[in-house]
Amino acid sequence: MYDLKSSAWAIETVDGQDVISGLTQNPKSLPPQYFYDDRGSQFFEQICELPEYYPTRTEAWILRQFSHEIAKMTGACELIELGSGSSTKTRLLLDAYQALGNKLRYVPIDVSGGILTESACDLLQDYPSLKIQGLVGTYEQALAQLKPTSLPSRMIFFLGSSLGNLTPQKCDRFFSQILAALDMGEYFLLGVDLQKPKQILEAAYNDARGVTAQFNLNMLEHLNQRFAGNFDIQRFEHWAFYNNRLNQIEMHLRCLETHTVCLEKLDLTVEFKARETIETEISRKFNLEVIQRELQVKGFKPLAVWTDPQEWFGLILSQKS
Ligand code: AVJ
């Protein structure tokens with residue numbers, strides 16, 4: 001049966017402290033999880049289909065090649081997905097685990113309740129014997145709520161290189177939270193986007209059709225809705241570039257003219273100057289050796305790494321040891 005607990009995200013956003021602190025800082029920033037209201041999640045699905053946006057299809061290729069190998073290495077386990085979104089790539093793993101012939105439990109976790117419910121219903125159509133328990137919330141909230149499983153073990157998986165949204169410091173904390181949520185011998189499968197020439201990276205975040213720009217601007221519409229705001233998206237433009245020194249894409253919204261914005265429910269008035277920017281996302285690009293070493297230092301034992309022929313994307317299976 002499908003069971004959706006939806007308290008978590010509501011609790012965190014009612015106060016919107018993260019928005020207040022981001023917009024009152026200099027330079028201004030906003031947390032990337034605000035991309036993903038239901039409309040934003042739809043834009044992201046469109047991004048995944050863009051010719052310039054290689055990560056999704058490259059990771060899907062790797063999963064298509066190796067999901068059976070992954071399933072054999074871990075054996076039967078409960079699959080817990082952070083940032084499950086549409087669960088499209090998840091199907092490749094579900095197919096492989098289903099082929100093992102064991103009972104299967106899937107726990108999708110996402111901040112967008114709409115897309116979570118919709119994709120869980122779709123999955124149940126295609127995997128009638130699958131047990132699904134969705135959690136709506138941030139990773140942190142959801143990880144703290146995970147329960148032991150009746151299956152031999154669990155695997156937390158985090159695909160799509162969403163890890164890249166975290167600064168190295170936050171990444172370190174996040175790994176600690178994953179480790180704390182797992183028991184000894186349980187698994188962590190991580191998908192990371194790898195370093196590659198700047199032109200390829202910048203094209204992926206500046207697509208010709210402007211979908212990424214819409215996705216970026218939609219964050220302001222989300223804030224308007226959630227906090228009774230009056231952002232006018234005509235007064236901002238999308239800006240994304242690769243920072244070579246930090247190996248990360250940086251995505252911003254640049255203000256086009258000096259003006260004031262109010263968010264009533266936050267009791268917040270913010271002055272914007274022409275050309276000033278709000279950082280909405282970093283998307284770090286990783287080196288496979290470095291990230292494996294970091295996992296190892298944290299207490300994960302890397303078991304296997306898979307990549308595509310161009311080495312554009314990597315998948316790392318590790319185990320709590
Ligand atoms: C879902 C965070 C991995 O960083 O590539 C896509 C989000 N932003 N295009 C990424 C995103 C702009 C994506 N992640």
# chains A, B, ... in the order shown; residues from 1 in each chain; ligands from 1

$ residues_near_ligand --ligand "ligand 1" --cutoff "6 Å" --atoms "only C-alpha atoms and all ligand atoms" --output "list of chain:residue names"
A:Gly160, A:Ser161, A:Ser162, A:Asn165, A:Tyr205, A:Thr212, A:Ser283

$ write_last_selection --atoms "N, CA, C and O atoms" --output "tab-separated table (two decimals), in the first residue's frame"
chain	number	residue	atom	x	y	z
A	160	GLY	N	21.65	11.40	-10.04
A	160	GLY	CA	21.51	12.67	-10.74
A	160	GLY	C	22.50	13.74	-10.34
A	160	GLY	O	22.38	14.88	-10.76
A	161	SER	N	23.47	13.38	-9.50
A	161	SER	CA	24.47	14.34	-9.02
A	161	SER	C	23.88	15.50	-8.23
A	161	SER	O	24.42	16.60	-8.23
A	162	SER	N	22.77	15.25	-7.57
A	162	SER	CA	22.23	16.30	-6.70
A	162	SER	C	23.18	16.61	-5.55
A	162	SER	O	23.10	17.68	-4.93
A	165	ASN	N	24.86	20.03	-5.43
A	165	ASN	CA	24.25	21.24	-4.87
A	165	ASN	C	24.85	21.62	-3.52
A	165	ASN	O	24.63	22.72	-3.03
A	205	TYR	N	23.78	24.09	-18.95
A	205	TYR	CA	23.05	24.97	-18.04
A	205	TYR	C	22.59	26.25	-18.73
A	205	TYR	O	22.11	27.18	-18.08
A	212	THR	N	16.12	25.90	-18.92
A	212	THR	CA	16.84	26.10	-17.66
A	212	THR	C	16.57	27.50	-17.10
A	212	THR	O	16.42	27.68	-15.89
A	283	SER	N	26.44	23.63	-8.74
A	283	SER	CA	26.38	22.24	-9.19
A	283	SER	C	27.82	21.78	-9.38
A	283	SER	O	28.44	22.01	-10.41

$ residues_around --residues "Leu79 of chain A" --least-positions-apart "2" --cutoff "7 Å" --atoms "only C-alpha atoms" --output "count of residues only"
8

$ closest_atom_pairs --of "segment 108-174 of chain A" --to "segment 35-57 of chain A" --cutoff "9 Å" --atoms "only C-alpha atoms" --output "CSV"
residue,atom,partner,partner_atom,distance
A:Val111,CA,A:Tyr36,CA,7.0
A:Ser112,CA,A:Asp37,CA,5.7
A:Gly113,CA,A:Asp38,CA,7.7
A:Gly114,CA,A:Asp38,CA,5.9
A:Ile115,CA,A:Asp38,CA,6.5
A:Gly160,CA,A:Thr56,CA,6.3
A:Ser161,CA,A:Pro55,CA,8.1

$ write_last_selection --atoms "N, CA, C and O atoms" --output "PDB file, in the first residue's frame"
ATOM      1  N   VAL A 111      10.991  16.606  -1.899  1.00  0.00           N
ATOM      2  CA  VAL A 111      10.326  17.787  -1.323  1.00  0.00           C
ATOM      3  C   VAL A 111       9.031  18.128  -2.062  1.00  0.00           C
ATOM      4  O   VAL A 111       8.214  18.878  -1.553  1.00  0.00           O
ATOM      5  N   SER A 112       8.865  17.573  -3.256  1.00  0.00           N
ATOM      6  CA  SER A 112       7.668  17.879  -4.035  1.00  0.00           C
ATOM      7  C   SER A 112       6.652  16.753  -3.887  1.00  0.00           C
ATOM      8  O   SER A 112       6.797  15.675  -4.465  1.00  0.00           O
ATOM      9  N   GLY A 113       5.597  17.000  -3.092  1.00  0.00           N
ATOM     10  CA  GLY A 113       4.588  15.981  -2.827  1.00  0.00           C
ATOM     11  C   GLY A 113       3.828  15.573  -4.079  1.00  0.00           C
ATOM     12  O   GLY A 113       3.467  14.411  -4.247  1.00  0.00           O
ATOM     13  N   GLY A 114       3.598  16.538  -4.968  1.00  0.00           N
ATOM     14  CA  GLY A 114       2.830  16.266  -6.181  1.00  0.00           C
ATOM     15  C   GLY A 114       3.489  15.204  -7.034  1.00  0.00           C
ATOM     16  O   GLY A 114       2.886  14.192  -7.384  1.00  0.00           O
ATOM     17  N   ILE A 115       4.767  15.432  -7.336  1.00  0.00           N
ATOM     18  CA  ILE A 115       5.457  14.505  -8.235  1.00  0.00           C
ATOM     19  C   ILE A 115       5.699  13.164  -7.533  1.00  0.00           C
ATOM     20  O   ILE A 115       5.684  12.109  -8.162  1.00  0.00           O
ATOM     21  N   GLY A 160      21.646  11.404 -10.035  1.00  0.00           N
ATOM     22  CA  GLY A 160      21.513  12.669 -10.736  1.00  0.00           C
ATOM     23  C   GLY A 160      22.501  13.740 -10.343  1.00  0.00           C
ATOM     24  O   GLY A 160      22.383  14.879 -10.757  1.00  0.00           O
ATOM     25  N   SER A 161      23.474  13.383  -9.495  1.00  0.00           N
ATOM     26  CA  SER A 161      24.474  14.339  -9.021  1.00  0.00           C
ATOM     27  C   SER A 161      23.877  15.496  -8.233  1.00  0.00           C
ATOM     28  O   SER A 161      24.423  16.598  -8.227  1.00  0.00           O
TER      29      SER A 161
END

$ select_by_dssp --residues "segment 44-148 of chain A" --states "strand (DSSP E)" --output "PyMOL selection string"
chain A and resi 77-82+105-110+131-136

$ atom_distance --atom1 "atom CA of Thr167 of chain A" --atom2 "atom CA of Asp18 of chain A"
15.7 Å

$ residues_around --residues "segment 242-245 of chain A" --least-positions-apart "4" --cutoff "10 Å" --atoms "only C-alpha atoms" --output "list in words"
Gln195, Pro197, Lys198, Gln199, Ile200, Leu201, Glu202, Ala203, Tyr205, Ile249, Glu250, Met251, Ile282, Ser283, Arg284 and Lys285 of chain A

$ write_last_selection --atoms "N, CA and C atoms" --output "tab-separated table (two decimals), in the first residue's frame"
chain	number	residue	atom	x	y	z
A	195	GLN	N	34.07	16.05	-13.86
A	195	GLN	CA	34.70	17.22	-14.49
A	195	GLN	C	34.91	16.96	-15.98
A	197	PRO	N	35.24	19.39	-20.12
A	197	PRO	CA	35.46	20.73	-20.67
A	197	PRO	C	34.30	21.71	-20.40
A	198	LYS	N	34.73	22.92	-20.14
A	198	LYS	CA	33.83	24.00	-19.76
A	198	LYS	C	32.68	24.24	-20.75
A	199	GLN	N	32.96	24.10	-22.06
A	199	GLN	CA	31.90	24.41	-23.05
A	199	GLN	C	30.73	23.43	-22.91
A	200	ILE	N	31.07	22.16	-22.63
A	200	ILE	CA	30.02	21.15	-22.49
A	200	ILE	C	29.17	21.45	-21.26
A	201	LEU	N	29.86	21.82	-20.18
A	201	LEU	CA	29.16	22.11	-18.93
A	201	LEU	C	28.29	23.35	-19.07
A	202	GLU	N	28.85	24.40	-19.65
A	202	GLU	CA	28.08	25.65	-19.73
A	202	GLU	C	26.88	25.50	-20.66
A	203	ALA	N	27.03	24.70	-21.72
A	203	ALA	CA	25.88	24.48	-22.61
A	203	ALA	C	24.75	23.75	-21.88
A	205	TYR	N	23.78	24.09	-18.95
A	205	TYR	CA	23.05	24.97	-18.04
A	205	TYR	C	22.59	26.25	-18.73
A	249	ILE	N	29.39	24.61	-11.60
A	249	ILE	CA	28.47	25.53	-12.26
A	249	ILE	C	27.88	26.41	-11.17
A	250	GLU	N	27.76	27.69	-11.45
A	250	GLU	CA	27.06	28.58	-10.52
A	250	GLU	C	25.89	29.19	-11.27
A	251	MET	N	24.73	29.07	-10.68
A	251	MET	CA	23.53	29.57	-11.34
A	251	MET	C	22.97	30.72	-10.51
A	282	ILE	N	24.60	25.92	-6.79
A	282	ILE	CA	25.90	25.49	-7.29
A	282	ILE	C	25.72	24.03	-7.72
A	283	SER	N	26.44	23.63	-8.74
A	283	SER	CA	26.38	22.24	-9.19
A	283	SER	C	27.82	21.78	-9.38
A	284	ARG	N	28.35	21.15	-8.32
A	284	ARG	CA	29.76	20.77	-8.34
A	284	ARG	C	29.99	19.60	-9.29
A	285	LYS	N	31.17	19.59	-9.89
A	285	LYS	CA	31.56	18.52	-10.80
A	285	LYS	C	32.73	17.80	-10.14

$ atom_distance --atom1 "atom CA of Ser86 of chain A" --atom2 "atom CA of Leu135 of chain A"
13.9 Å

$ closest_residue --among "A:Asp232, A:His238, A:His252, A:Gly314" --to "Leu30 of chain A" --atoms "only C-alpha atoms"
A:His252

$ closest_residue --among "A:Glu279, A:Asp126, A:Glu271, A:Asp15" --to "Lys28 of chain A" --atoms "only C-alpha atoms"
A:Glu279

$ select_by_dssp --residues "segment 79-172 of chain A" --states "alpha helix (DSSP H)" --output "mmCIF file with N, CA, C and O atoms, in the first residue's frame"
data_model
loop_
_atom_site.group_PDB
_atom_site.id
_atom_site.type_symbol
_atom_site.label_atom_id
_atom_site.label_comp_id
_atom_site.auth_asym_id
_atom_site.auth_seq_id
_atom_site.Cartn_x
_atom_site.Cartn_y
_atom_site.Cartn_z
ATOM 1 N N THR A 90 14.883 5.162 -11.569
ATOM 2 C CA THR A 90 14.677 4.158 -10.531
ATOM 3 C C THR A 90 14.186 2.842 -11.113
ATOM 4 O O THR A 90 14.509 1.766 -10.614
ATOM 5 N N ARG A 91 13.395 2.957 -12.180
ATOM 6 C CA ARG A 91 12.831 1.747 -12.791
ATOM 7 C C ARG A 91 13.917 0.770 -13.225
ATOM 8 O O ARG A 91 13.725 -0.447 -13.170
ATOM 9 N N LEU A 92 15.057 1.316 -13.650
ATOM 10 C CA LEU A 92 16.155 0.441 -14.081
ATOM 11 C C LEU A 92 16.651 -0.384 -12.898
ATOM 12 O O LEU A 92 16.960 -1.570 -13.038
ATOM 13 N N LEU A 93 16.709 0.230 -11.718
ATOM 14 C CA LEU A 93 17.114 -0.515 -10.523
ATOM 15 C C LEU A 93 16.016 -1.474 -10.080
ATOM 16 O O LEU A 93 16.293 -2.620 -9.713
ATOM 17 N N LEU A 94 14.770 -0.996 -10.110
ATOM 18 C CA LEU A 94 13.658 -1.859 -9.689
ATOM 19 C C LEU A 94 13.598 -3.120 -10.559
ATOM 20 O O LEU A 94 13.392 -4.221 -10.039
ATOM 21 N N ASP A 95 13.810 -2.954 -11.858
ATOM 22 C CA ASP A 95 13.802 -4.114 -12.756
ATOM 23 C C ASP A 95 14.863 -5.128 -12.328
ATOM 24 O O ASP A 95 14.606 -6.328 -12.252
ATOM 25 N N ALA A 96 16.045 -4.613 -12.038
ATOM 26 C CA ALA A 96 17.144 -5.514 -11.678
ATOM 27 C C ALA A 96 16.877 -6.199 -10.336
ATOM 28 O O ALA A 96 17.129 -7.398 -10.189
ATOM 29 N N TYR A 97 16.360 -5.451 -9.372
ATOM 30 C CA TYR A 97 16.091 -6.058 -8.060
ATOM 31 C C TYR A 97 14.914 -7.019 -8.136
ATOM 32 O O TYR A 97 14.891 -8.041 -7.461
ATOM 33 N N GLN A 98 13.948 -6.691 -8.977
ATOM 34 C CA GLN A 98 12.804 -7.575 -9.148
ATOM 35 C C GLN A 98 13.249 -8.911 -9.753
ATOM 36 O O GLN A 98 12.756 -9.965 -9.383
ATOM 37 N N ALA A 99 14.242 -8.827 -10.658
ATOM 38 C CA ALA A 99 14.748 -10.042 -11.309
ATOM 39 C C ALA A 99 15.430 -10.974 -10.309
ATOM 40 O O ALA A 99 15.571 -12.167 -10.565
ATOM 41 N N GLY A 113 5.597 17.000 -3.092
ATOM 42 C CA GLY A 113 4.588 15.981 -2.827
ATOM 43 C C GLY A 113 3.828 15.573 -4.079
ATOM 44 O O GLY A 113 3.467 14.411 -4.247
ATOM 45 N N GLY A 114 3.598 16.538 -4.968
ATOM 46 C CA GLY A 114 2.830 16.266 -6.181
ATOM 47 C C GLY A 114 3.489 15.204 -7.034
ATOM 48 O O GLY A 114 2.886 14.192 -7.384
ATOM 49 N N ILE A 115 4.767 15.432 -7.336
ATOM 50 C CA ILE A 115 5.457 14.505 -8.235
ATOM 51 C C ILE A 115 5.699 13.164 -7.533
ATOM 52 O O ILE A 115 5.684 12.109 -8.162
ATOM 53 N N LEU A 116 5.867 13.197 -6.220
ATOM 54 C CA LEU A 116 6.081 11.959 -5.463
ATOM 55 C C LEU A 116 4.850 11.060 -5.565
ATOM 56 O O LEU A 116 4.954 9.863 -5.885
ATOM 57 N N THR A 117 3.682 11.629 -5.312
ATOM 58 C CA THR A 117 2.437 10.864 -5.352
ATOM 59 C C THR A 117 2.182 10.321 -6.747
ATOM 60 O O THR A 117 1.870 9.139 -6.929
ATOM 61 N N GLU A 118 2.346 11.209 -7.726
ATOM 62 C CA GLU A 118 2.082 10.829 -9.104
ATOM 63 C C GLU A 118 2.981 9.670 -9.545
ATOM 64 O O GLU A 118 2.514 8.683 -10.116
ATOM 65 N N SER A 119 4.281 9.784 -9.248
ATOM 66 C CA SER A 119 5.175 8.739 -9.736
ATOM 67 C C SER A 119 5.003 7.454 -8.943
ATOM 68 O O SER A 119 5.167 6.359 -9.495
ATOM 69 N N ALA A 120 4.627 7.544 -7.659
ATOM 70 C CA ALA A 120 4.377 6.321 -6.885
ATOM 71 C C ALA A 120 3.184 5.576 -7.473
ATOM 72 O O ALA A 120 3.199 4.345 -7.596
ATOM 73 N N CYS A 121 2.149 6.315 -7.844
ATOM 74 C CA CYS A 121 0.973 5.675 -8.454
ATOM 75 C C CYS A 121 1.345 5.004 -9.773
ATOM 76 O O CYS A 121 0.934 3.874 -10.043
ATOM 77 N N ASP A 122 2.134 5.691 -10.589
ATOM 78 C CA ASP A 122 2.585 5.109 -11.856
ATOM 79 C C ASP A 122 3.377 3.827 -11.618
ATOM 80 O O ASP A 122 3.210 2.835 -12.331
ATOM 81 N N LEU A 123 4.264 3.864 -10.613
ATOM 82 C CA LEU A 123 5.099 2.696 -10.333
ATOM 83 C C LEU A 123 4.248 1.494 -9.926
ATOM 84 O O LEU A 123 4.514 0.368 -10.331
ATOM 85 N N LEU A 124 3.223 1.761 -9.111
ATOM 86 C CA LEU A 124 2.384 0.651 -8.643
ATOM 87 C C LEU A 124 1.655 -0.033 -9.793
ATOM 88 O O LEU A 124 1.372 -1.225 -9.735
ATOM 89 N N GLN A 125 1.338 0.740 -10.829
ATOM 90 C CA GLN A 125 0.714 0.154 -12.025
ATOM 91 C C GLN A 125 1.645 -0.871 -12.666
ATOM 92 O O GLN A 125 1.220 -1.925 -13.107
ATOM 93 N N ASP A 126 2.924 -0.491 -12.736
ATOM 94 C CA ASP A 126 3.878 -1.325 -13.468
ATOM 95 C C ASP A 126 4.569 -2.369 -12.597
ATOM 96 O O ASP A 126 5.130 -3.331 -13.109
ATOM 97 N N TYR A 139 16.036 15.994 2.726
ATOM 98 C CA TYR A 139 16.823 14.787 2.976
ATOM 99 C C TYR A 139 17.071 14.615 4.468
ATOM 100 O O TYR A 139 16.942 13.525 5.010
ATOM 101 N N GLU A 140 17.426 15.702 5.080
ATOM 102 C CA GLU A 140 17.766 15.673 6.497
ATOM 103 C C GLU A 140 16.594 15.154 7.335
ATOM 104 O O GLU A 140 16.751 14.247 8.154
ATOM 105 N N GLN A 141 15.419 15.724 7.093
ATOM 106 C CA GLN A 141 14.226 15.317 7.838
ATOM 107 C C GLN A 141 13.914 13.849 7.581
ATOM 108 O O GLN A 141 13.615 13.092 8.505
ATOM 109 N N ALA A 142 13.982 13.455 6.316
ATOM 110 C CA ALA A 142 13.599 12.099 5.958
ATOM 111 C C ALA A 142 14.597 11.079 6.499
ATOM 112 O O ALA A 142 14.208 10.031 7.004
ATOM 113 N N LEU A 143 15.892 11.396 6.410
ATOM 114 C CA LEU A 143 16.909 10.453 6.897
ATOM 115 C C LEU A 143 16.719 10.174 8.380
ATOM 116 O O LEU A 143 16.932 9.057 8.847
ATOM 117 N N ALA A 144 16.301 11.191 9.095
ATOM 118 C CA ALA A 144 16.105 11.027 10.536
ATOM 119 C C ALA A 144 14.910 10.140 10.848
ATOM 120 O O ALA A 144 14.779 9.639 11.963
ATOM 121 N N GLN A 145 14.010 9.951 9.866
ATOM 122 C CA GLN A 145 12.779 9.183 10.102
ATOM 123 C C GLN A 145 12.843 7.740 9.621
ATOM 124 O O GLN A 145 11.879 7.007 9.770
ATOM 125 N N PRO A 168 31.279 21.768 -0.076
ATOM 126 C CA PRO A 168 32.051 20.679 0.532
ATOM 127 C C PRO A 168 31.705 20.483 2.016
ATOM 128 O O PRO A 168 31.600 19.344 2.481
ATOM 129 N N GLN A 169 31.487 21.562 2.706
ATOM 130 C CA GLN A 169 31.157 21.479 4.127
ATOM 131 C C GLN A 169 29.810 20.794 4.362
ATOM 132 O O GLN A 169 29.675 19.906 5.199
ATOM 133 N N LYS A 170 28.800 21.186 3.571
ATOM 134 C CA LYS A 170 27.474 20.577 3.698
ATOM 135 C C LYS A 170 27.503 19.122 3.242
ATOM 136 O O LYS A 170 26.769 18.281 3.766
ATOM 137 N N CYS A 171 28.344 18.843 2.256
ATOM 138 C CA CYS A 171 28.490 17.493 1.736
ATOM 139 C C CYS A 171 29.010 16.580 2.845
ATOM 140 O O CYS A 171 28.532 15.454 3.025
ATOM 141 N N ASP A 172 29.959 17.073 3.593
ATOM 142 C CA ASP A 172 30.536 16.324 4.698
ATOM 143 C C ASP A 172 29.463 15.985 5.741
ATOM 144 O O ASP A 172 29.354 14.852 6.198
#

$ atom_distance --atom1 "atom CA of Lys320 of chain A" --atom2 "atom CA of Tyr187 of chain A"
6.3 Å

$ closest_atom_pairs --of "segment 193-244 of chain A" --to "segment 286-305 of chain A" --cutoff "12 Å" --atoms "only C-alpha atoms" --output "CSV"
residue,atom,partner,partner_atom,distance
A:Asp193,CA,A:Phe286,CA,6.1
A:Leu194,CA,A:Phe286,CA,4.6
A:Gln195,CA,A:Phe286,CA,5.6
A:Lys196,CA,A:Phe286,CA,9.3

$ write_last_selection --atoms "all heavy atoms" --output "mmCIF file, in the first residue's frame"
data_model
loop_
_atom_site.group_PDB
_atom_site.id
_atom_site.type_symbol
_atom_site.label_atom_id
_atom_site.label_comp_id
_atom_site.auth_asym_id
_atom_site.auth_seq_id
_atom_site.Cartn_x
_atom_site.Cartn_y
_atom_site.Cartn_z
ATOM 1 N N ASP A 193 28.219 13.781 -11.272
ATOM 2 C CA ASP A 193 28.631 14.346 -12.551
ATOM 3 C C ASP A 193 30.123 14.653 -12.466
ATOM 4 O O ASP A 193 30.601 15.176 -11.447
ATOM 5 C CB ASP A 193 27.812 15.620 -12.815
ATOM 6 C CG ASP A 193 27.886 16.051 -14.265
ATOM 7 O OD1 ASP A 193 28.407 15.277 -15.100
ATOM 8 O OD2 ASP A 193 27.412 17.170 -14.558
ATOM 9 N N LEU A 194 30.854 14.319 -13.524
ATOM 10 C CA LEU A 194 32.320 14.418 -13.472
ATOM 11 C C LEU A 194 32.838 15.658 -14.201
ATOM 12 O O LEU A 194 32.161 16.215 -15.079
ATOM 13 C CB LEU A 194 32.937 13.152 -14.068
ATOM 14 C CG LEU A 194 32.495 11.851 -13.375
ATOM 15 C CD1 LEU A 194 33.101 10.629 -14.074
ATOM 16 C CD2 LEU A 194 32.863 11.850 -11.888
ATOM 17 N N GLN A 195 34.067 16.055 -13.858
ATOM 18 C CA GLN A 195 34.699 17.216 -14.489
ATOM 19 C C GLN A 195 34.912 16.956 -15.982
ATOM 20 O O GLN A 195 35.239 15.840 -16.376
ATOM 21 C CB GLN A 195 36.013 17.527 -13.772
ATOM 22 C CG GLN A 195 35.748 18.012 -12.351
ATOM 23 C CD GLN A 195 36.952 17.943 -11.440
ATOM 24 O OE1 GLN A 195 38.078 17.724 -11.877
ATOM 25 N NE2 GLN A 195 36.710 18.127 -10.149
ATOM 26 N N LYS A 196 34.701 17.984 -16.772
ATOM 27 C CA LYS A 196 34.818 17.858 -18.231
ATOM 28 C C LYS A 196 34.961 19.261 -18.802
ATOM 29 O O LYS A 196 34.831 20.240 -18.071
ATOM 30 C CB LYS A 196 33.589 17.140 -18.794
ATOM 31 C CG LYS A 196 32.279 17.863 -18.529
ATOM 32 C CD LYS A 196 31.069 17.106 -19.064
ATOM 33 C CE LYS A 196 30.804 15.777 -18.401
ATOM 34 N NZ LYS A 196 30.547 15.839 -16.936
#
